[in-house]
Amino acid sequence: MNLLKNAWVILITFIVSSCHTETFDVVSPNGDLKLTMELAEENAYGEIGFSVDYEGRRILSQSKLGLETDAQKLARNLKLKSVSTVKHVTDDYRMITGKRSHCVNEASERIYSFENEMGQTLEVTFRVYNDGVALKYGINAITDKEYITHEYTAYAVPKGAKRWMQEYDLGYEKFFPLSTDGKLADRPEVDLWGYPALIEPQDSVFVLITEANIRRGHCGSLLYNRNQRDSYQVQLADKQPISDGSWESPWRLLIIGDLSDVVESTLVTDVSDPSKVEDTEWINPGMVSWIYWAYNHGSKDYQRVKEYIDLAVRMKWPYNLIDWEWDEMENGGNLQDAVKYALQQGIKPLLWYNSSISWLGPGPLYRLNRKEDREKEYKQLNDMGVAGIKVDFFAGDSVATMNYYMDLLEDAVKYKLILNFHGATIPRGWQRTYPHMMSVEGVYGAEWYNNNAILTNRAAEHNATLPFTRNVIGPMDYTPGTFSDSQHPHITSHGHELALPVIFESALQHMPDRPSVYDNLPEAVKHLLSELPTTWDDTKLLAGYPGVEVVIARRKGDIWYIAGINGTNEPKTLRASLENIPTHGKKMSLFKDGTDDRNFAIEENIPLSDGQTDLEIGCLPRGGFVVVIQ
């Protein structure tokens, strides 16, 4: 019997060994991406991990895997128990908001089951899409009250690779400075980094690291690289309870390819749960007049609020946001008067709220925290005719905070309220699951002209980095289009500022400048801003490089909007191919930098030749342009 048993062991070992590639690799449907599983016995430290090849070149090596709970350690000396056959996964769905109305993607999926010395099991699911890699963990509890405490996923980056990462911040309001050593030049001790993180492991090949599909009971995570500056380990923001005996992690994502693959990717929503909202006719994106940037405490002043409602009327914008301190409104009227006035003018009002879990400064406070109070408030808003709310000042990425976001979103459906989160975490796919989540701040945006002088000199480079980093993963409420100065000046050109509402995707696009400023813009510019969409049927990156320049084309119906910005302090000609933009029988209107940075040069209704395939537009330092093709 022993001889027979040994013979079977030898035979099984031979089969697994001879079929190593077929058994352990996962290849994308188009063949460009390949994931290779690395087993514990192949690693000197007994760790399991994976490597990724793109177009035949190794771009990530020996990236680690593993989980730990307060009762189990599933990180080292794990033995492969089983490997599933390859499953084909197709994502085909519609979006109300975002960079593309019809999203289609496909992947090859495999599930690997590992076992530790105690016989406890860890499942790792990999999906290899045409534009990236997604992985998630599954685990069974062995005690009644068990918590996920550590994750050992670590992405190994080639030494010297360029990377654009923001220092971790609870509100995700930091810059994305270029680094090649995993450190901040001015503060080398920083070792915690927020998503998304952009890496260039090889020339013209990019990897964007993020996560998606946070569900109730999940926390968010961040990246940590103190011990090895070229290895970024996933660090959980909180311990997570295992409910009903089993637990499944959010998806860890690597969006991979050239810059157009990264910018155009919908991988964050592809892996996220489908919409939980059946009736969506009440969910309407649009432009918003916004008082805070120009008048910090303006919502306390009824007459000032009326000015911004009137601005929305003149600019044909559907929304007006009444910001913080509206509960203290005076000078001839209160909130009810302001809402009534807006509705009489055909403008849908939005209201600001303090989440009341972080900074308990301005009000209103404690209106949304308990379910019974929240439903009461939501009903009153619905009865008044308020269309949605902006909730501000959240407290990081803990399980409790993530659950609170979902409480706010789920209870809002009954009362048909759209939501915008500020002082908040980044989008992680909720724009698909909860399509009434219209936007999220999670960005160092134009609001910071109010706070200190830093943005003035860094805005152009920062703005030319965001399309490749933060805005890839979801809507971004940057509040673009500041043509005048707030407390601190801007030195980007008018052409640059006009380009931002096209370049930055946000279903609610808050326009922050003074009514008099918009009133005095050239008529053609006002007309453009009056008709500008905030959601898109298609998005294409035409040219660019992080921090240097960007040219993006977005389509709504049959109209293409192309916008470009110069992120440098030198004059620059932005060039882009129109090869994939229909030009036959079309006309182009061009809005670009004028003789100085506070003027436009405008040309309208320029006939396009059938063979026109290139766009070349000169920009001032920190300049920009918008082209409309229709």
# chains A, B, ... in the order shown; residues from 1 in each chain; ligands from 1
>>> residues_around(residues="region 441-445 of chain A", least_positions_apart="4", cutoff="8 Å", atoms="only C-alpha atoms", output="PyMOL selection string")
chain A and resi 171-175+420-426+470+476-480
>>> residues_around(residues="Thr613 (chain A)", least_positions_apart="6", cutoff="12 Å", atoms="only C-alpha atoms", output="short mmCIF file (atom, residue, chain, number, x, y, z; two decimals) with N, CA and C atoms, in the first residue's frame")
data_model
loop_
_atom_site.label_atom_id
_atom_site.label_comp_id
_atom_site.auth_asym_id
_atom_site.auth_seq_id
_atom_site.Cartn_x
_atom_site.Cartn_y
_atom_site.Cartn_z
N LEU A 542 -6.24 62.15 -25.27
CA LEU A 542 -5.59 62.39 -26.56
C LEU A 542 -4.09 62.63 -26.42
N ARG A 575 -0.36 69.31 -28.53
CA ARG A 575 -0.65 68.58 -29.76
C ARG A 575 -1.43 67.31 -29.43
N ALA A 576 -2.42 67.03 -30.26
CA ALA A 576 -3.22 65.82 -30.07
C ALA A 576 -3.75 65.34 -31.40
N SER A 577 -3.93 64.04 -31.49
CA SER A 577 -4.48 63.43 -32.70
C SER A 577 -6.00 63.42 -32.64
N LEU A 578 -6.63 63.75 -33.76
CA LEU A 578 -8.08 63.68 -33.89
C LEU A 578 -8.51 62.44 -34.66
N GLU A 579 -7.62 61.48 -34.75
CA GLU A 579 -7.87 60.30 -35.57
C GLU A 579 -9.13 59.57 -35.16
N ASN A 580 -9.43 59.54 -33.86
CA ASN A 580 -10.60 58.83 -33.36
C ASN A 580 -11.77 59.75 -33.05
N ILE A 581 -11.71 60.99 -33.51
CA ILE A 581 -12.79 61.97 -33.33
C ILE A 581 -13.39 62.26 -34.69
N PRO A 582 -14.68 61.99 -34.90
CA PRO A 582 -15.29 62.27 -36.21
C PRO A 582 -15.24 63.77 -36.54
N THR A 583 -14.74 64.09 -37.73
CA THR A 583 -14.64 65.49 -38.14
C THR A 583 -15.38 65.78 -39.44
N HIS A 584 -15.86 64.75 -40.12
CA HIS A 584 -16.51 64.96 -41.42
C HIS A 584 -17.77 65.81 -41.27
#
>>> residues_around(residues="Val207 (chain A)", least_positions_apart="2", cutoff="8 Å", atoms="only C-alpha atoms", output="PyMOL selection string")
chain A and resi 198-201+205+209+254-257+262
>>> select_by_dssp(residues="region 296-506 of chain A", states="alpha helix (DSSP H)", output="ChimeraX atom specification")
/A:302-315,335-344,371-384,399-414,430-433,454-463,494-503
>>> atom_distance(atom1="CA of Arg374 (chain A)", atom2="CA of Leu408 (chain A)")
7.9 Å
>>> select_by_dssp(residues="region 354-394 of chain A", states="strand (DSSP E)", output="PDB file with N, CA and C atoms, in the first residue's frame")
ATOM      1  N   ASN A 354     -23.313  69.250   8.104  1.00  0.00           N
ATOM      2  CA  ASN A 354     -22.156  68.740   8.829  1.00  0.00           C
ATOM      3  C   ASN A 354     -22.437  67.273   9.181  1.00  0.00           C
ATOM      4  N   GLY A 388     -31.185  67.782  -3.060  1.00  0.00           N
ATOM      5  CA  GLY A 388     -30.072  66.963  -2.591  1.00  0.00           C
ATOM      6  C   GLY A 388     -29.278  67.661  -1.513  1.00  0.00           C
ATOM      7  N   ILE A 389     -28.261  66.945  -1.002  1.00  0.00           N
ATOM      8  CA  ILE A 389     -27.467  67.479   0.092  1.00  0.00           C
ATOM      9  C   ILE A 389     -25.978  67.261  -0.162  1.00  0.00           C
ATOM     10  N   LYS A 390     -25.204  68.133   0.445  1.00  0.00           N
ATOM     11  CA  LYS A 390     -23.751  68.017   0.503  1.00  0.00           C
ATOM     12  C   LYS A 390     -23.402  67.779   1.968  1.00  0.00           C
ATOM     13  N   VAL A 391     -22.745  66.641   2.252  1.00  0.00           N
ATOM     14  CA  VAL A 391     -22.404  66.293   3.630  1.00  0.00           C
ATOM     15  C   VAL A 391     -20.888  66.402   3.783  1.00  0.00           C
ATOM     16  N   ASP A 392     -20.451  67.075   4.839  1.00  0.00           N
ATOM     17  CA  ASP A 392     -19.050  67.475   4.979  1.00  0.00           C
ATOM     18  C   ASP A 392     -18.454  66.961   6.296  1.00  0.00           C
TER      19      ASP A 392
END
>>> closest_atom_pairs(of="region 210-295 of chain A", to="region 64-74 of chain A", cutoff="10 Å", atoms="only C-alpha atoms", output="tab-separated table")
residue	atom	partner	partner_atom	distance
A:Ser231	CA	A:Lys64	CA	9.4
A:Tyr232	CA	A:Lys64	CA	9.8
A:Gln233	CA	A:Lys64	CA	8.4
A:Val234	CA	A:Leu65	CA	9.8
A:Lys239	CA	A:Thr69	CA	8.7
A:Gln240	CA	A:Thr69	CA	9.0
A:Pro241	CA	A:Thr69	CA	9.4
A:Ile242	CA	A:Thr69	CA	9.3
>>> residues_around(residues="Ser493 (chain A)", least_positions_apart="2", cutoff="8 Å", atoms="only C-alpha atoms", output="mmCIF file with N, CA and C atoms, in the first residue's frame")
data_model
loop_
_atom_site.group_PDB
_atom_site.id
_atom_site.type_symbol
_atom_site.label_atom_id
_atom_site.label_comp_id
_atom_site.auth_asym_id
_atom_site.auth_seq_id
_atom_site.Cartn_x
_atom_site.Cartn_y
_atom_site.Cartn_z
ATOM 1 N N ILE A 491 -2.754 81.971 -10.709
ATOM 2 C CA ILE A 491 -1.929 82.429 -11.829
ATOM 3 C C ILE A 491 -2.084 81.513 -13.039
ATOM 4 N N GLY A 495 -7.933 80.529 -20.052
ATOM 5 C CA GLY A 495 -8.087 79.344 -20.895
ATOM 6 C C GLY A 495 -7.930 78.065 -20.088
ATOM 7 N N HIS A 496 -6.989 78.067 -19.165
ATOM 8 C CA HIS A 496 -6.762 76.926 -18.267
ATOM 9 C C HIS A 496 -8.000 76.676 -17.403
ATOM 10 N N GLU A 497 -8.526 77.744 -16.812
ATOM 11 C CA GLU A 497 -9.680 77.600 -15.921
ATOM 12 C C GLU A 497 -10.925 77.126 -16.675
ATOM 13 N N ASP A 593 -6.062 80.729 -24.861
ATOM 14 C CA ASP A 593 -5.443 81.873 -24.206
ATOM 15 C C ASP A 593 -5.383 83.065 -25.146
ATOM 16 N N ASP A 596 -2.982 87.786 -22.852
ATOM 17 C CA ASP A 596 -2.459 87.590 -21.502
ATOM 18 C C ASP A 596 -3.335 86.569 -20.797
ATOM 19 N N ASP A 597 -2.968 86.248 -19.557
ATOM 20 C CA ASP A 597 -3.643 85.128 -18.901
ATOM 21 C C ASP A 597 -5.046 85.453 -18.402
ATOM 22 N N ARG A 598 -5.503 86.688 -18.534
ATOM 23 C CA ARG A 598 -6.848 87.043 -18.100
ATOM 24 C C ARG A 598 -7.755 87.381 -19.281
ATOM 25 N N ASN A 599 -7.399 86.888 -20.449
ATOM 26 C CA ASN A 599 -8.207 87.115 -21.641
ATOM 27 C C ASN A 599 -8.305 85.844 -22.474
ATOM 28 N N LEU A 620 -0.266 79.689 -23.227
ATOM 29 C CA LEU A 620 0.587 80.483 -22.345
ATOM 30 C C LEU A 620 1.138 79.586 -21.232
ATOM 31 N N PRO A 621 2.121 80.063 -20.481
ATOM 32 C CA PRO A 621 2.490 79.347 -19.256
ATOM 33 C C PRO A 621 1.247 79.141 -18.390
ATOM 34 N N ARG A 622 1.044 77.897 -17.932
ATOM 35 C CA ARG A 622 -0.118 77.553 -17.108
ATOM 36 C C ARG A 622 -1.425 77.847 -17.849
ATOM 37 N N GLY A 623 -1.376 77.725 -19.170
ATOM 38 C CA GLY A 623 -2.530 78.050 -20.007
ATOM 39 C C GLY A 623 -3.386 76.858 -20.341
ATOM 40 N N GLY A 624 -4.321 77.081 -21.278
ATOM 41 C CA GLY A 624 -5.201 75.998 -21.664
ATOM 42 C C GLY A 624 -6.166 76.395 -22.755
#
